[in-house]
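Structure data follow from data.cif (mmCIF, C-alpha atoms and all ligand atoms):
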```cif
data_data
#
loop_
_atom_site.label_atom_id
_atom_site.label_comp_id
_atom_site.auth_asym_id
_atom_site.auth_seq_id
_atom_site.Cartn_x
_atom_site.Cartn_y
_atom_site.Cartn_z
CA MET A 7 -2.39 -0.75 3.43
CA LEU A 8 0.79 1.27 2.87
CA ILE A 9 2.43 2.64 6.01
CA LYS A 10 5.08 5.25 5.29
CA PRO A 11 7.95 6.06 7.61
CA ILE A 12 7.49 8.98 9.98
CA LYS A 13 10.20 11.15 11.52
CA ARG A 14 8.58 13.80 13.72
CA ILE A 15 5.62 13.06 16.02
CA LYS A 16 3.94 15.48 18.39
CA GLN A 17 0.47 14.28 19.29
CA ASN A 18 -2.20 14.18 21.97
CA ILE A 19 -4.20 11.00 21.50
CA THR A 20 -7.27 9.52 23.09
CA ILE A 21 -7.56 5.79 22.81
CA PRO A 22 -10.84 3.87 22.42
CA GLY A 23 -12.35 2.05 25.40
CA ASP A 24 -10.74 -1.01 26.95
CA LYS A 25 -11.80 -4.21 25.22
CA SER A 26 -11.71 -6.43 28.31
CA ILE A 27 -13.71 -3.93 30.36
CA SER A 28 -16.22 -3.25 27.56
CA HIS A 29 -17.03 -6.97 27.28
CA ARG A 30 -17.49 -7.30 31.02
CA ALA A 31 -19.62 -4.15 31.17
CA VAL A 32 -22.12 -5.65 28.69
CA MET A 33 -22.17 -9.06 30.31
CA LEU A 34 -22.56 -7.88 33.89
CA SER A 35 -25.01 -5.08 33.09
CA SER A 36 -27.16 -7.60 31.21
CA ILE A 37 -27.54 -9.84 34.26
CA ALA A 38 -27.82 -6.99 36.77
CA GLU A 39 -31.06 -5.41 38.01
CA GLY A 40 -31.84 -1.98 36.54
CA GLU A 41 -30.53 0.23 33.77
CA SER A 42 -26.82 0.79 33.07
CA LYS A 43 -25.18 3.41 30.92
CA ILE A 44 -21.77 2.44 29.59
CA HIS A 45 -19.63 5.38 28.43
CA ASN A 46 -16.64 5.16 26.09
CA PHE A 47 -17.67 1.61 25.14
CA LEU A 48 -15.33 0.05 22.55
CA MET A 49 -17.29 -0.15 19.29
CA GLY A 50 -14.94 -2.84 17.97
CA ASP A 51 -16.20 -6.01 16.31
CA ASP A 52 -15.44 -8.22 19.34
CA CYS A 53 -17.43 -6.14 21.82
CA LEU A 54 -20.29 -5.66 19.35
CA ASN A 55 -20.48 -9.46 19.08
CA THR A 56 -20.91 -9.62 22.85
CA VAL A 57 -23.79 -7.13 22.53
CA GLU A 58 -25.41 -9.28 19.80
CA CYS A 59 -25.17 -12.43 21.94
CA PHE A 60 -27.05 -10.76 24.80
CA ARG A 61 -29.60 -9.26 22.40
CA LYS A 62 -30.28 -12.83 21.22
CA MET A 63 -31.16 -13.63 24.83
CA GLN A 64 -33.61 -10.71 24.79
CA VAL A 65 -31.66 -8.17 26.79
CA PRO A 66 -32.71 -4.67 25.60
CA ILE A 67 -29.49 -2.95 24.51
CA GLU A 68 -29.44 0.46 22.82
CA ILE A 69 -26.31 1.82 21.16
CA THR A 70 -25.65 5.49 20.40
CA ALA A 71 -22.37 7.22 19.31
CA ASN A 72 -20.06 5.60 21.88
CA GLU A 73 -22.53 4.89 24.64
CA VAL A 74 -24.47 1.75 25.41
CA LYS A 75 -27.67 1.60 27.44
CA ILE A 76 -28.67 -1.77 28.87
CA LYS A 77 -31.86 -2.72 30.68
CA GLY A 78 -30.57 -5.50 32.91
CA VAL A 79 -32.80 -8.57 33.16
CA GLY A 80 -31.37 -9.92 36.42
CA LEU A 81 -29.42 -13.13 37.05
CA ARG A 82 -32.35 -15.36 36.02
CA GLY A 83 -33.85 -13.17 33.29
CA LEU A 84 -31.96 -14.21 30.15
CA LYS A 85 -34.16 -15.99 27.58
CA LYS A 86 -33.26 -19.05 25.53
CA PRO A 87 -31.78 -17.78 22.24
CA ASN A 88 -33.57 -19.16 19.19
CA ARG A 89 -30.33 -19.26 17.22
CA VAL A 90 -26.71 -20.25 17.86
CA LEU A 91 -24.79 -17.55 19.75
CA ASP A 92 -21.94 -16.33 17.54
CA VAL A 93 -18.94 -14.60 19.12
CA GLY A 94 -17.10 -13.96 15.83
CA ASN A 95 -13.37 -13.73 16.59
CA SER A 96 -13.73 -13.03 20.32
CA GLY A 97 -12.10 -15.45 22.77
CA THR A 98 -13.14 -13.31 25.73
CA THR A 99 -16.80 -13.45 24.67
CA ILE A 100 -16.97 -17.22 24.29
CA ARG A 101 -14.98 -18.09 27.40
CA LEU A 102 -16.65 -15.62 29.76
CA MET A 103 -20.13 -16.24 28.40
CA CYS A 104 -19.80 -19.97 28.97
CA GLY A 105 -19.57 -19.13 32.69
CA ILE A 106 -22.84 -17.22 32.53
CA LEU A 107 -24.58 -19.72 30.23
CA ALA A 108 -23.67 -22.60 32.56
CA GLY A 109 -25.94 -21.02 35.16
CA GLN A 110 -29.02 -20.63 32.92
CA ASP A 111 -32.26 -22.46 32.86
CA PHE A 112 -32.02 -23.32 29.14
CA ASP A 113 -29.85 -25.19 26.63
CA CYS A 114 -27.90 -23.30 23.98
CA VAL A 115 -25.00 -23.51 21.54
CA ILE A 116 -22.21 -20.95 21.27
CA THR A 117 -19.58 -20.73 18.54
CA GLY A 118 -17.36 -18.34 16.60
CA ASP A 119 -15.23 -17.95 13.48
CA ASN A 120 -12.53 -20.33 12.24
CA SER A 121 -9.91 -19.00 14.64
CA ILE A 122 -12.29 -19.45 17.62
CA GLN A 123 -13.16 -22.99 16.56
CA ASN A 124 -9.46 -23.84 16.68
CA ARG A 125 -8.68 -22.28 20.06
CA PRO A 126 -8.65 -24.53 23.14
CA MET A 127 -11.84 -24.59 25.22
CA ASP A 128 -10.88 -27.45 27.58
CA ARG A 129 -9.49 -24.78 29.92
CA ILE A 130 -13.05 -23.63 30.67
CA ILE A 131 -14.86 -26.94 30.02
CA ILE A 132 -12.91 -28.71 32.80
CA PRO A 133 -13.71 -26.32 35.69
CA LEU A 134 -17.28 -25.68 34.51
CA ARG A 135 -17.92 -29.46 34.44
CA GLN A 136 -16.53 -29.69 37.96
CA MET A 137 -19.19 -27.15 38.94
CA GLY A 138 -21.86 -29.40 37.41
CA SER A 139 -22.26 -27.81 33.99
CA ILE A 140 -23.13 -30.07 31.08
CA ILE A 141 -20.91 -28.58 28.40
CA GLU A 142 -19.29 -30.21 25.38
CA GLY A 143 -17.97 -29.55 21.91
CA THR A 144 -20.58 -30.58 19.33
CA GLU A 145 -18.00 -31.47 16.65
CA ARG A 146 -14.67 -31.81 18.45
CA ARG A 147 -14.52 -32.56 22.18
CA ASP A 148 -12.61 -29.49 23.37
CA HIS A 149 -13.53 -26.97 20.73
CA ALA A 150 -16.38 -24.68 19.73
CA PRO A 151 -19.22 -25.03 18.79
CA LEU A 152 -20.01 -25.69 22.45
CA LYS A 153 -23.35 -26.99 23.65
CA ILE A 154 -24.32 -25.99 27.17
CA GLN A 155 -27.27 -27.72 28.81
CA LYS A 156 -29.40 -26.62 31.70
CA SER A 157 -27.93 -27.79 35.02
CA GLU A 158 -27.50 -26.87 38.68
CA LEU A 159 -24.11 -25.44 39.63
CA ALA A 160 -22.13 -26.21 42.77
CA ALA A 161 -19.27 -24.19 44.27
CA ILE A 162 -15.73 -25.50 43.70
CA ASP A 163 -12.16 -24.81 44.79
CA TYR A 164 -10.16 -24.63 41.61
CA ASN A 165 -6.41 -24.41 41.07
CA MET A 166 -5.86 -22.96 37.63
CA PRO A 167 -3.19 -24.70 35.54
CA VAL A 168 -2.64 -21.60 33.32
CA ALA A 169 -2.54 -17.87 34.01
CA SER A 170 -5.71 -16.82 32.18
CA ALA A 171 -8.15 -14.08 33.07
CA GLN A 172 -10.67 -15.62 30.69
CA VAL A 173 -10.66 -18.91 32.58
CA LYS A 174 -10.72 -17.20 35.99
CA SER A 175 -13.59 -14.99 34.85
CA ALA A 176 -15.63 -17.90 33.44
CA ILE A 177 -15.44 -19.61 36.84
CA LEU A 178 -16.25 -16.42 38.76
CA LEU A 179 -19.25 -15.71 36.52
CA ALA A 180 -20.53 -19.27 37.00
CA SER A 181 -19.89 -18.92 40.74
CA ILE A 182 -22.62 -16.29 41.10
CA TYR A 183 -25.09 -19.02 40.07
CA ALA A 184 -23.60 -21.66 42.43
CA ASP A 185 -24.69 -22.66 45.88
CA GLY A 186 -21.73 -21.72 48.09
CA THR A 187 -18.31 -20.07 48.16
CA THR A 188 -16.19 -20.75 45.10
CA SER A 189 -12.45 -20.22 45.19
CA VAL A 190 -10.09 -19.87 42.25
CA THR A 191 -6.32 -19.91 42.73
CA GLU A 192 -4.07 -18.56 39.99
CA ILE A 193 -0.46 -19.50 39.26
CA GLN A 194 0.27 -15.90 38.33
CA LYS A 195 -1.94 -12.89 38.73
CA SER A 196 -3.89 -12.11 35.57
CA ARG A 197 -6.10 -9.11 34.79
CA ASP A 198 -8.71 -8.62 37.50
CA HIS A 199 -11.39 -6.55 35.73
CA THR A 200 -14.08 -9.17 36.42
CA GLU A 201 -13.42 -9.10 40.16
CA ARG A 202 -13.36 -5.29 40.23
CA MET A 203 -16.55 -4.88 38.22
CA LEU A 204 -18.41 -7.60 40.10
CA ASN A 205 -17.62 -5.87 43.39
CA TYR A 206 -18.56 -2.49 41.89
CA ILE A 207 -22.06 -3.76 41.13
CA GLY A 208 -22.72 -5.53 44.38
CA ALA A 209 -21.03 -8.95 44.34
CA ASP A 210 -18.88 -10.29 47.16
CA ILE A 211 -15.46 -11.13 45.75
CA LYS A 212 -12.40 -11.22 47.97
CA GLN A 213 -8.77 -11.56 47.02
CA GLU A 214 -6.20 -13.28 49.28
CA GLY A 215 -2.83 -13.64 47.63
CA LEU A 216 -3.37 -15.58 44.41
CA SER A 217 -6.77 -16.90 45.56
CA ILE A 218 -10.12 -15.28 44.86
CA PHE A 219 -13.24 -16.14 46.86
CA SER A 220 -16.70 -15.56 45.44
CA ASN A 221 -19.73 -15.59 47.71
CA PRO A 222 -22.95 -15.44 45.68
CA ARG A 223 -25.42 -12.83 46.91
CA GLY A 224 -28.28 -13.52 44.51
CA LYS A 225 -28.37 -10.09 42.84
CA LEU A 226 -26.22 -7.58 40.98
CA TYR A 227 -27.18 -3.90 40.74
CA ALA A 228 -26.78 -1.90 37.51
CA LYS A 229 -24.48 1.13 37.68
CA GLU A 230 -23.06 3.71 35.31
CA ILE A 231 -19.72 2.51 33.90
CA HIS A 232 -17.01 4.69 32.33
CA VAL A 233 -14.68 2.48 30.29
CA PRO A 234 -11.05 3.66 30.47
CA GLY A 235 -8.90 3.88 27.32
CA ASP A 236 -7.38 0.51 26.45
CA ILE A 237 -3.73 0.26 27.52
CA SER A 238 -3.32 -2.57 25.00
CA SER A 239 -4.26 -0.12 22.23
CA ALA A 240 -2.19 2.68 23.82
CA ALA A 241 0.76 0.24 23.71
CA PHE A 242 1.21 0.80 19.96
CA PHE A 243 1.72 4.53 20.49
CA LEU A 244 3.84 3.99 23.59
CA VAL A 245 6.28 1.97 21.50
CA LEU A 246 6.12 4.48 18.64
CA GLY A 247 6.78 7.37 21.05
CA ALA A 248 9.55 5.47 22.85
CA VAL A 249 11.47 4.46 19.72
CA ALA A 250 11.03 7.42 17.31
CA LYS A 251 13.90 9.89 17.79
CA ASP A 252 11.81 13.04 17.51
CA ALA A 253 8.61 12.09 19.32
CA GLU A 254 6.41 13.38 22.08
CA ILE A 255 3.05 11.69 22.62
CA MET A 256 0.45 12.27 25.32
CA ILE A 257 -2.25 9.63 25.72
CA GLU A 258 -5.15 10.67 27.91
CA GLY A 259 -7.50 8.61 30.07
CA VAL A 260 -5.78 5.22 29.83
CA GLY A 261 -6.62 2.31 32.15
CA LEU A 262 -3.70 1.73 34.52
CA ASN A 263 -4.85 -1.40 36.30
CA PRO A 264 -1.59 -2.90 37.65
CA THR A 265 -2.50 -6.28 36.10
CA ARG A 266 -2.19 -4.58 32.68
CA THR A 267 0.74 -2.16 33.02
CA GLY A 268 3.59 -4.58 32.26
CA ILE A 269 4.20 -2.66 29.01
CA VAL A 270 4.98 0.53 30.94
CA ASP A 271 7.34 -1.34 33.30
CA VAL A 272 9.18 -3.01 30.43
CA LEU A 273 9.53 0.15 28.35
CA LYS A 274 10.89 1.98 31.43
CA ARG A 275 13.35 -0.86 31.99
CA MET A 276 14.43 -0.51 28.35
CA GLY A 277 15.19 3.16 29.02
CA ALA A 278 12.01 4.84 27.75
CA ASN A 279 11.14 8.29 28.97
CA ILE A 280 7.57 7.72 30.27
CA LYS A 281 5.61 9.69 32.83
CA ILE A 282 2.21 8.88 34.32
CA LEU A 283 0.11 11.93 35.14
CA ASN A 284 -3.29 12.75 36.56
CA LYS A 285 -3.88 9.39 38.26
CA ARG A 286 -7.45 8.75 39.40
CA VAL A 287 -9.94 5.95 39.99
CA LEU A 288 -13.03 5.41 37.85
CA ASN A 289 -15.58 2.72 38.72
CA ASN A 290 -13.03 0.71 40.70
CA GLU A 291 -10.37 0.92 37.95
CA PRO A 292 -7.25 3.13 38.13
CA ILE A 293 -6.73 5.43 35.14
CA GLY A 294 -4.37 8.25 34.16
CA ASP A 295 -2.55 10.01 31.32
CA ILE A 296 0.70 8.73 29.84
CA HIS A 297 3.36 11.03 28.44
CA ILE A 298 6.20 9.59 26.38
CA VAL A 299 9.22 11.13 24.70
CA GLY A 300 11.56 9.32 22.26
CA SER A 301 14.85 7.96 23.58
CA ASP A 302 17.40 5.21 22.92
CA LEU A 303 16.13 1.85 24.15
CA ARG A 304 18.21 -1.11 25.28
CA GLY A 305 17.33 -4.80 25.23
CA THR A 306 15.95 -6.63 28.26
CA GLU A 307 14.72 -9.99 29.49
CA ILE A 308 10.95 -10.47 29.75
CA SER A 309 9.77 -13.59 31.58
CA GLY A 310 7.93 -14.93 34.64
CA ASP A 311 5.20 -13.05 36.49
CA ILE A 312 5.25 -10.03 34.18
CA ILE A 313 4.08 -12.14 31.19
CA PRO A 314 0.32 -12.10 32.01
CA ARG A 315 0.63 -8.34 32.65
CA LEU A 316 1.70 -7.70 29.04
CA ILE A 317 0.66 -10.80 27.12
CA ASP A 318 -1.27 -8.86 24.45
CA GLU A 319 1.50 -6.29 24.07
CA ILE A 320 4.30 -8.73 23.17
CA PRO A 321 3.86 -8.27 19.38
CA VAL A 322 4.54 -4.53 19.66
CA ILE A 323 7.22 -5.01 22.33
CA ALA A 324 9.00 -7.18 19.74
CA VAL A 325 9.04 -4.13 17.45
CA ALA A 326 10.61 -1.97 20.20
CA ALA A 327 13.17 -4.74 20.85
CA ALA A 328 14.03 -5.00 17.14
CA LEU A 329 15.18 -1.36 17.29
CA ALA A 330 16.77 -1.38 20.76
CA LYS A 331 20.50 -1.70 21.54
CA GLY A 332 21.40 -5.27 22.49
CA THR A 333 19.39 -8.44 22.86
CA THR A 334 15.86 -8.91 24.20
CA THR A 335 14.78 -12.36 25.32
CA ILE A 336 11.10 -13.17 25.83
CA ARG A 337 10.42 -16.41 27.73
CA ASN A 338 7.44 -18.20 29.34
CA ALA A 339 5.12 -16.76 26.70
CA GLU A 340 3.80 -20.00 25.17
CA GLU A 341 0.22 -18.71 25.59
CA LEU A 342 0.99 -16.47 22.60
CA LYS A 343 0.73 -19.53 20.36
CA ILE A 344 -3.00 -19.86 21.02
CA LYS A 345 -4.19 -16.28 20.62
CA GLU A 346 -6.06 -15.00 17.54
CA SER A 347 -3.01 -16.32 15.63
CA ASN A 348 0.23 -17.98 16.71
CA ARG A 349 1.73 -14.64 17.65
CA ILE A 350 5.27 -16.00 18.09
CA VAL A 351 5.36 -17.39 14.56
CA ALA A 352 3.57 -14.33 13.15
CA MET A 353 5.92 -11.72 14.63
CA VAL A 354 9.13 -13.69 14.02
CA THR A 355 8.22 -14.41 10.38
CA GLU A 356 6.98 -10.93 9.53
CA LEU A 357 9.61 -8.88 11.39
CA LYS A 358 12.31 -10.97 9.68
CA LYS A 359 10.82 -10.05 6.30
CA ILE A 360 11.35 -6.34 7.02
CA GLY A 361 14.91 -6.75 8.27
CA ALA A 362 14.78 -7.63 11.99
CA ASP A 363 17.21 -10.07 13.61
CA ILE A 364 14.70 -12.25 15.47
CA GLU A 365 14.46 -15.93 16.26
CA GLU A 366 11.66 -18.16 17.54
CA THR A 367 12.11 -20.23 20.71
CA ASP A 368 9.81 -22.81 22.34
CA ASP A 369 8.20 -20.27 24.64
CA GLY A 370 9.01 -16.89 23.15
CA MET A 371 11.64 -15.18 20.99
CA ILE A 372 15.13 -13.73 20.97
CA ILE A 373 15.54 -10.37 19.29
CA ARG A 374 18.89 -8.77 18.55
CA GLY A 375 18.25 -5.06 18.11
CA LYS A 376 19.40 -3.22 14.99
CA ASP A 377 19.83 0.47 14.10
CA ALA A 378 17.09 0.28 11.46
CA LEU A 379 14.41 -1.89 9.86
CA GLN A 380 14.34 -1.79 6.08
CA GLY A 381 10.62 -2.30 5.33
CA GLY A 382 8.70 -4.53 2.91
CA THR A 383 5.43 -6.41 2.52
CA VAL A 384 3.95 -8.26 5.52
CA GLU A 385 0.89 -10.36 6.44
CA SER A 386 -1.53 -9.64 9.31
CA TYR A 387 -2.59 -13.29 9.88
CA ASN A 388 -6.03 -11.73 10.28
CA ASP A 389 -4.94 -10.82 13.81
CA HIS A 390 -5.59 -7.23 14.91
CA ARG A 391 -2.58 -6.96 17.19
CA ILE A 392 -0.20 -8.34 14.54
CA ALA A 393 -1.51 -5.83 11.97
CA MET A 394 -1.07 -2.88 14.36
CA ALA A 395 2.37 -3.97 15.63
CA LEU A 396 3.56 -4.25 12.02
CA ALA A 397 2.09 -0.84 11.20
CA ILE A 398 4.21 0.67 14.01
CA ALA A 399 7.23 -1.18 12.60
CA GLY A 400 6.38 0.42 9.23
CA LEU A 401 6.30 3.95 10.67
CA LEU A 402 9.70 3.29 12.26
CA SER A 403 11.24 1.65 9.15
CA LYS A 404 13.38 3.18 6.38
CA GLU A 405 11.06 2.45 3.46
CA GLY A 406 7.68 1.73 5.07
CA VAL A 407 5.61 -1.46 4.96
CA ILE A 408 2.65 -2.76 3.02
CA ILE A 409 0.29 -4.77 5.25
CA ASN A 410 -1.90 -7.36 3.57
CA ASN A 411 -5.32 -7.89 5.11
CA PRO A 412 -5.18 -4.94 7.55
CA HIS A 413 -8.90 -4.57 8.32
CA CYS A 414 -8.77 -6.94 11.27
CA VAL A 415 -7.78 -3.85 13.32
CA ASP A 416 -11.57 -3.29 13.55
CA ILE A 417 -11.63 -6.02 16.19
CA SER A 418 -10.17 -3.74 18.85
CA PHE A 419 -9.23 -0.38 17.34
CA PRO A 420 -11.40 0.67 14.37
CA ASP A 421 -9.86 4.15 14.01
CA PHE A 422 -6.25 3.01 14.33
CA PHE A 423 -5.32 3.85 10.74
CA ASP A 424 -7.12 7.23 10.96
CA ILE A 425 -4.89 8.16 13.90
CA LEU A 426 -1.81 7.14 11.88
CA ASP A 427 -3.07 9.22 8.95
CA ARG A 428 -3.45 12.25 11.18
CA MET A 429 0.07 11.78 12.53
CA ILE A 430 1.50 11.62 9.04
CA LYS A 431 -0.46 14.72 7.92
CA ASP A 432 0.54 16.68 11.05
CA GLU A 433 4.18 15.86 10.38
CA SER A 434 4.33 17.92 7.18
C1 LIG B 1 -8.50 -11.28 28.22
C2 LIG B 1 -7.58 -12.14 28.75
C3 LIG B 1 -6.36 -12.55 28.06
C4 LIG B 1 -6.04 -11.62 26.88
C5 LIG B 1 -7.26 -11.33 26.05
C6 LIG B 1 -8.33 -10.66 26.90
C7 LIG B 1 -9.70 -10.92 29.01
O1 LIG B 1 -6.54 -13.87 27.53
O2 LIG B 1 -5.02 -12.17 26.09
O3 LIG B 1 -6.92 -10.47 24.98
O4 LIG B 1 -10.40 -9.96 28.66
O5 LIG B 1 -9.96 -11.61 30.01
P1 LIG B 1 -6.24 -15.18 28.42
O6 LIG B 1 -7.22 -15.23 29.52
O7 LIG B 1 -6.39 -16.31 27.47
O8 LIG B 1 -4.82 -15.01 28.90
#
```
Output the structure of this file as structure tokens.
Ligand code: S3P
Amino acid sequence: MLIKPIKRIKQNITIPGDKSISHRAVMLSSIAEGESKIHNFLMGDDCLNTVECFRKMQVPIEITANEVKIKGVGLRGLKKPNRVLDVGNSGTTIRLMCGILAGQDFDCVITGDNSIQNRPMDRIIIPLRQMGSIIEGTERRDHAPLKIQKSELAAIDYNMPVASAQVKSAILLASIYADGTTSVTEIQKSRDHTERMLNYIGADIKQEGLSIFSNPRGKLYAKEIHVPGDISSAAFFLVLGAVAKDAEIMIEGVGLNPTRTGIVDVLKRMGANIKILNKRVLNNEPIGDIHIVGSDLRGTEISGDIIPRLIDEIPVIAVAAALAKGTTTIRNAEELKIKESNRIVAMVTELKKIGADIEETDDGMIIRGKDALQGGTVESYNDHRIAMALAIAGLLSKEGVIINNPHCVDISFPDFFDILDRMIKDES
């Protein structure tokens, strides 16, 4: 995929539905009572894999243009799948579903692609075992494929060792099958879509500081869900709009959950000209429009509590930093090493190839901004966010970039390259 440099950008963009919220909408609607309609569902590979997993457990799910209709089967209505559940590349699907599967009346096996089979699963195995789940790796102890056997679940009080919404959500989903009040305490606040959606459809979840208390009520009630635009996908255009000299971009209907808006805070701190307009709340999630105009950015330090609020945006933030004045230091981001790829290695290696001054550290990277990136040929590591971050770097480079293996963008943003195409056509 050849990405040519772009000079002038004036665009109104709508972004596909939020990946995290789309997954949760399918999972929770499947185990709720009644029919749900999910609007603006993300038709990316990851979320479609979640749909397939629930179809294998005989949940009736109908998909039209960008809407999904689900006839919920209730908490106890899932049926034993007659094949292995396959999540593809989706970490959110496997980790969250293990919470639901732990509470079922049947045994099953869940797995995913090569990347999934190499990502750590002990982080969910440990708390789910404490709740009474019989769960284990069938080939390697802490890795998928995971076998989950029928068992009774008990409530626990769990102190999470890592800031991870996937782990928190797995425990909360198992907690609705347990026999008392479960509490989960985080070390840093991570995205809270599971808590918000559970409460929206009738669960009893309370937040006190960094602790979350879940009181099972025995039933969830299907409701219409409007999925906001994904701020993690908007992030690519926020960086493009912030860095390009002659740019004005308006992105409408983006999720603005404060556990996800670290990218906006960091870009503002770097000097970006960003405005949030038309703020509203949609099914318990804040949303709004984001307007961004190009300006000169300066380097910053990114560490501590903001990291979980922008963990998926760090690859594209690295691109902004590579073209900012001064040095940007990213620390406490070791979780990046165990995403779809090792995102520290991927971004440092590939941005260097196209002319950035960037260095890897134990828990992040140091980027010394330059006036320009030259361009060149880069690898995607089969990781959607790496491919898209490098595409933005290409648009902002002198000579453009060629991205090998770019189709992984289908995981979270299937029309990403079409939007870039339109921008390039509208420029001339
Ligand atoms: C997600 C949580 C985050 C994030 C991932 C989606 C979720 O992962 O990186 O893309 O939907 O809960 P961790 O829980 O591993 O931090």
- Task: Show which residues sit within 7 Å of Tyr227 (chain A), as a ChimeraX atom specification. Count only C-alpha atoms, and ignore same-chain residues fewer than 6 positions away.
- Result: /A:38-40,207-208
- Item | Residues within 12 Å of (-27.9, -28.9, 34.7), file coords, all atoms listed in the file, listed as a ChimeraX atom specification | /A:107-113,134-141,154-160,183-184
Can I get the residues of region 308-427 of chain A within 10 Å of region 52-76 of chain A, each with the closest pair of atoms and their distance in Å to one decimal, using only C-alpha atoms, sorted chain first then ascending number, as CSV?
```
residue,atom,partner,partner_atom,distance
A:Asp416,CA,A:Asp52,CA,8.5
A:Ile417,CA,A:Asp52,CA,5.4
A:Ser418,CA,A:Asp52,CA,6.9
```
- Message: I want to know what sits within 12 Å of Ser217 (chain A), based on only C-alpha atoms, with residues of the same chain fewer than 4 positions away left out; could you give that as a list in words?
- Response: Asp163, Tyr164, Asn165, Met166, Lys174, Leu178, Thr188, Ser189, Val190, Thr191, Glu192, Ile193, Gln194, Lys195, Ser196, Asp198, Glu201, Ile211, Lys212 and Gln213 of chain A
- Using all atoms listed in the file, which of A:Lys25, A:His149, A:Arg304, A:His297 sits nearest ligand LIG 1 (chain B)?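 The closest residue to ligand LIG 1 (chain B) is A:Lys25.
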Counting only C-alpha atoms and all ligand atoms, which residues of chain A sit at most 10 Å from some atom of ligand LIG 1 (chain B), and what is each one's closest atom pair with its distance in Å to one decimal, listed by chain and rising residue number, as a tab-separated table?
```
residue	atom	partner	partner_atom	distance
A:Asp24	CA	B:LIG1	O4	9.1
A:Lys25	CA	B:LIG1	O4	6.8
A:Ser26	CA	B:LIG1	O4	3.8
A:Ile27	CA	B:LIG1	O4	7.1
A:Ser28	CA	B:LIG1	O4	9.0
A:His29	CA	B:LIG1	O4	7.4
A:Arg30	CA	B:LIG1	O4	7.9
A:Ser96	CA	B:LIG1	O3	8.6
A:Gly97	CA	B:LIG1	C5	7.2
A:Thr98	CA	B:LIG1	O4	5.2
A:Thr99	CA	B:LIG1	O4	8.3
A:Arg101	CA	B:LIG1	O6	8.5
A:Leu102	CA	B:LIG1	O5	7.8
A:Arg125	CA	B:LIG1	O7	9.8
A:Pro126	CA	B:LIG1	O7	9.6
A:Arg129	CA	B:LIG1	O7	9.3
A:Val168	CA	B:LIG1	O8	8.2
A:Ala169	CA	B:LIG1	O8	6.3
A:Ser170	CA	B:LIG1	O6	3.4
A:Ala171	CA	B:LIG1	O6	3.8
A:Gln172	CA	B:LIG1	O6	3.7
A:Val173	CA	B:LIG1	O6	5.9
A:Lys174	CA	B:LIG1	O6	7.6
A:Ser175	CA	B:LIG1	O5	6.9
A:Ala176	CA	B:LIG1	O5	9.1
A:Ser196	CA	B:LIG1	O8	7.3
A:Arg197	CA	B:LIG1	O5	6.6
A:Asp198	CA	B:LIG1	O5	8.2
A:His199	CA	B:LIG1	O5	7.8
A:Thr200	CA	B:LIG1	O5	8.0
A:Ser238	CA	B:LIG1	O3	8.7
A:Arg266	CA	B:LIG1	C4	9.9
A:Ile313	CA	B:LIG1	O8	9.6
A:Pro314	CA	B:LIG1	O8	6.7
A:Arg315	CA	B:LIG1	C3	9.4
A:Leu316	CA	B:LIG1	O2	8.6
A:Ile317	CA	B:LIG1	O2	5.9
A:Asp318	CA	B:LIG1	O2	5.3
A:Glu319	CA	B:LIG1	O2	9.0
A:Glu341	CA	B:LIG1	O8	7.1
A:Leu342	CA	B:LIG1	O2	8.2
A:Ile344	CA	B:LIG1	O7	8.1
A:Lys345	CA	B:LIG1	O2	6.9
A:Glu346	CA	B:LIG1	O3	8.8
A:Arg391	CA	B:LIG1	O3	9.6
A:Ser418	CA	B:LIG1	O3	9.7
```
- Message: Would you compute the distance between CA of Thr267 (chain A) and CA of Gly235 (chain A)? Give it in Å to one decimal.
- Response: 12.7 Å
- Item | Between CA of Leu283 (chain A) and CA of Val233 (chain A), distance in Å (one decimal) |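 Value for the CA of Leu283 (chain A)-CA of Val233 (chain A) distance: 18.2 Å.
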- Residues within 6 Å of Glu41 (chain A), all atoms listed in the file, excluding chain neighbours under 2 positions, as a PyMOL selection string: chain A and resi 76-78+228
- Note on the structure: Shortest contact to Val351 (chain A), candidates A:Leu426, A:Ile364, A:Leu48, A:Ile12, atoms counted all atoms listed in the file, goes to A:Ile364
- Can you tell me, as a ChimeraX atom specification, what residues are no more than 9 Å from Lys331 (chain A) when counting all atoms listed in the file, ignoring any on the same chain fewer than 4 positions away? /A:302-305,327,374-377
